[in-house]
Amino acid sequence: MIYGIHWDLHSPLAFAISILPILLIGMKITVEATILGFLVALLLGLVLALLRRVPLRIIAWPTAVAIEFLRDTPLLVQLFFLYYVLPKYGVTLPALFTGVLALGVQYSAYTSEVYRAGLEAVDRGQIEAATALNLSRARLYRTIILPQAIPRIIPALGNYLVSMIKDTPVLSTVTVMEMLNLAQIIGDRTYRYLIPLTIVGALFLLLTVIASTVVNRLDRVLPKEGVPLR
Amino acid sequence: MSPPAEPGTAPDEIIRFEKVTKRFGALTVLDDFDFHVAPGEKVTLIGPSGSGKSTVLRILMTLEPFQQGRVELDGISYHEPGGKGPFKASPRHLREIRTQVGMVFQGFNLFPHMTVLRNIIEAPVAVLKIPKEEAIERATGLLDLVGLADKKDAYPRQLSGGQKQRVAIARALAMRPRVILFDEPTSALDPQLVGEVLNVIRDLAHEHDLTMLMVTHEMRFAREISDRVCFFDQGRIAEQGAPEEIFGEPREERTREFLQSVLG
């Protein structure tokens with residue numbers, strides 16, 4: 001995808017300006033991978049956290065093992081597994097999707113722990129009151145427990161979002177053209193690594209700062225007692 | 001053909017505990033416990049902490065299972081034949097029982113992220129399937145009853161403890177229970193706020209059809225509103241009777257000691 005784009009090697013500044021559009025394309029991929037991966041992590045993590053709370057050991061126990069497994073094996077191993085092993089069984093995904101899946105699945109193990117802590121932090125009295133009022137289990141989670149858990153888990157989820165942004169370069173190992181991959185290609189072609197890598201570092205900083213600002217803002221705006229879900 | 005009546009259930013009993021044993025691990029909280037309440041009766045449970053008073057309420061509300069014996073609500077056993085899990089009953093059966101019972105907690109347990117009105121209408125709308133407008137109308141009436149009509153849009157954090165507990169009472173009443181359980185409703189309140197809550201409970205005590213069970217340390221109040229006072233000691237009722245008897249001339253030494261310690 002780099003063919004047809006020319007870089008200007010006359011001065012460092014001209015070089016930086018000429019490669020910035022390419023790196024911004026990479027940043028778009030980075031942002032897409034993060035957003036999709038984080039959505040997977042948020043949803044799958046919630047499912048894992050709820051399964052782990054099911055009073056049946058035959059469900060809760062394997063869930064706990066799966067979470068532990070996902071947390072304690074490297075992201076790169078999981079990514080390679082999905083990328084190289086799944087096609088052997090007929091599952092072939094575009095590289096970006098595989099990357100998103102790997103990011104999402106590993107981070108779902110982290111987010112499930114965040115959810116678990118958030119759910120457990122909801123006062124027992126709330127559950128007892130809901131029981132006394134005969135609310136169904138689904139209703140209890142939807143209108144009482146989750147709304148109160150959300151403001152407590154936002155900061156921790158925010159940390160994982162930032163962390164996931166910083167993990168996206170791993171996707172370059174399976175040919176996803178994200179920022180770092182592009183910077184490296186530019187470096188390989190021009191033998192100049194300083195400027196592309198510096199720009200990539202700065203763009204990552206920009207992304208993480210934006211992400212943590214948004215999360216902090218959200219944390220301040222959401223009512224501490226809980227977010228009513230209708 | 002009606003099925004044969006369950007043995008021993010008299011028609012004038014709404015609550016019946018028969019030889020109930022409840023343990024938390026090695027600790028026996030209720031020991032071969034018998035207890036009966038007539039419909040509409042106002043019963044106060046007193047006694048030292050850990051004597052099993054609150055456990056009786058929590059069993060009735062299906063918040064705690066029990067190991068042995070039989071508990072009935074209006075002739076319906078809490079345990080089902082072949083029932084599974086700690087409660088030895090299906091979730092559906094437990095939900096059926098809960099439609100008859102309401103509970104007011106020591107710690108209020110209002111939902112902090114909902115307005116007062118929402119706290120009250122949540123369950124009637126979700127569980128009883130009452131149309132929202134009707135639920136709001138009834139909730140407004142109940143808030144009137146507890147003297148908080150002007151607080152319907154407030155959040156729990158904006159209320160005093162006494163106001164919170166009055167909302168909690170309105171919330172429990174909104175489900176139209178036949179039995180209402182008060183678990184130390186004033187114990188978490190500043191002394192100057194106890195009165196407003198007791199006033200509401202006093203009004204309720206005049207409701208002829210409502211069966212009331214209350215665990216409390218407010219002895220004067222218990223004496224005033226109860227039909228019967230039960231003194232608990234070590235997982236059993238050590239002595240029970242009309243308030244005049246229990247407070248006036250207790251027969252048991254343990255009762256006398258306890259009353260002396262709390263009345264000073």
# chains A, B, ... in the order shown; residues from 1 in each chain; ligands from 1
>>> closest_atom_pairs(of="chain A", to="chain B", cutoff="7 Å", atoms="only C-alpha atoms", output="Markdown table")
| residue | atom | partner | partner_atom | distance |
| --- | --- | --- | --- | --- |
| A:Gly125 | CA | B:Asn109 | CA | 5.5 |
| A:Gln126 | CA | B:Asn109 | CA | 5.5 |
| A:Glu128 | CA | B:Leu63 | CA | 6.8 |
| A:Ala129 | CA | B:Asn109 | CA | 6.1 |
| A:Ala132 | CA | B:Gly102 | CA | 6.1 |
| A:Leu133 | CA | B:Ala123 | CA | 6.0 |
| A:Asn134 | CA | B:Arg95 | CA | 6.2 |
| A:Leu135 | CA | B:Val127 | CA | 6.2 |
| A:Glu225 | CA | B:His113 | CA | 5.1 |
| A:Gly226 | CA | B:His113 | CA | 4.8 |
| A:Val227 | CA | B:His113 | CA | 6.4 |
| A:Pro228 | CA | B:His113 | CA | 6.3 |
>>> residues_around(residues="A:Ala66", least_positions_apart="2", cutoff="12 Å", atoms="only C-alpha atoms", output="ChimeraX atom specification")
/A:45,48-49,51-52,59-64,68-73,105-106,108-110,112
>>> select_by_dssp(residues="stretch 54-175 of chain A", states="alpha helix (DSSP H)", output="PyMOL selection string")
chain A and resi 57-72+75-80+95-121+124-132+137-139+146-167
>>> residues_around(residues="B:Gln234", least_positions_apart="4", cutoff="10 Å", atoms="only C-alpha atoms", output="list in words")
Thr28, Val29, Leu30, Asp31, Gly47, Pro48, Ser49, Gly50, Ser51, Gly52, Lys53 and Ala238 of chain B
>>> closest_residue(among="B:Ile46, B:Ile121, B:Arg70, B:Leu57", to="B:Thr21", atoms="only C-alpha atoms")
B:Arg70
>>> atom_distance(atom1="atom CA of B:His208", atom2="atom CA of B:Leu181")
15.5 Å
>>> residues_around(residues="A:Ile127", least_positions_apart="2", cutoff="8 Å", atoms="only C-alpha atoms", output="mmCIF file with C-alpha atoms, in the first residue's frame")
data_model
loop_
_atom_site.group_PDB
_atom_site.id
_atom_site.type_symbol
_atom_site.label_atom_id
_atom_site.label_comp_id
_atom_site.auth_asym_id
_atom_site.auth_seq_id
_atom_site.Cartn_x
_atom_site.Cartn_y
_atom_site.Cartn_z
ATOM 1 C CA ASP A 123 -24.008 -3.796 48.513
ATOM 2 C CA ARG A 124 -25.640 -7.089 49.481
ATOM 3 C CA GLY A 125 -28.536 -5.105 50.870
ATOM 4 C CA ALA A 129 -34.133 -5.481 48.770
ATOM 5 C CA ALA A 130 -34.585 -6.499 45.134
ATOM 6 C CA THR A 131 -35.302 -10.069 46.250
ATOM 7 C CA LEU A 140 -32.004 -7.405 39.253
ATOM 8 C CA ILE A 144 -30.060 -2.656 40.142
ATOM 9 C CA ILE A 145 -26.617 -4.257 39.960
#
>>> atom_distance(atom1="atom CA of B:Asp153", atom2="atom CA of B:Thr140")
10.9 Å
>>> atom_distance(atom1="atom CA of A:Thr111", atom2="atom CA of A:Pro94")
25.0 Å
>>> residues_around(residues="B:Thr186", least_positions_apart="6", cutoff="8 Å", atoms="only C-alpha atoms", output="number ranges by chain")
B: 106, 194, 197-198, 216
>>> write_last_selection(atoms="all heavy atoms", output="compact mmCIF listing (two decimals), in the first residue's frame")
# COMPACT_ATOMS: atom_id res chain seq x y z
N GLN B 106 -33.05 -2.74 58.17
CA GLN B 106 -32.35 -1.81 59.06
C GLN B 106 -31.60 -0.74 58.25
O GLN B 106 -31.63 0.43 58.58
CB GLN B 106 -31.36 -2.60 59.92
CG GLN B 106 -30.55 -1.73 60.85
CD GLN B 106 -29.64 -2.56 61.74
OE1 GLN B 106 -29.68 -3.79 61.74
NE2 GLN B 106 -28.81 -1.88 62.51
N VAL B 194 -35.99 8.81 64.94
CA VAL B 194 -36.69 7.55 65.19
C VAL B 194 -38.21 7.78 65.19
O VAL B 194 -38.96 7.01 64.60
CB VAL B 194 -36.23 6.94 66.53
CG1 VAL B 194 -37.13 5.80 66.95
CG2 VAL B 194 -34.79 6.47 66.41
N VAL B 197 -40.35 7.65 61.90
CA VAL B 197 -40.51 6.31 61.34
C VAL B 197 -41.52 5.51 62.17
O VAL B 197 -42.40 4.84 61.63
CB VAL B 197 -39.15 5.58 61.26
CG1 VAL B 197 -39.33 4.13 60.85
CG2 VAL B 197 -38.23 6.31 60.29
N LEU B 198 -41.39 5.62 63.49
CA LEU B 198 -42.32 4.88 64.35
C LEU B 198 -43.75 5.36 64.12
O LEU B 198 -44.69 4.57 64.15
CB LEU B 198 -41.93 5.05 65.82
CG LEU B 198 -40.60 4.37 66.22
CD1 LEU B 198 -40.37 4.48 67.71
CD2 LEU B 198 -40.56 2.91 65.78
N THR B 216 -37.21 -5.22 67.03
CA THR B 216 -36.88 -3.85 67.44
C THR B 216 -36.27 -3.83 68.84
O THR B 216 -36.41 -4.77 69.61
CB THR B 216 -38.12 -2.94 67.41
OG1 THR B 216 -37.72 -1.60 67.68
CG2 THR B 216 -39.15 -3.37 68.43
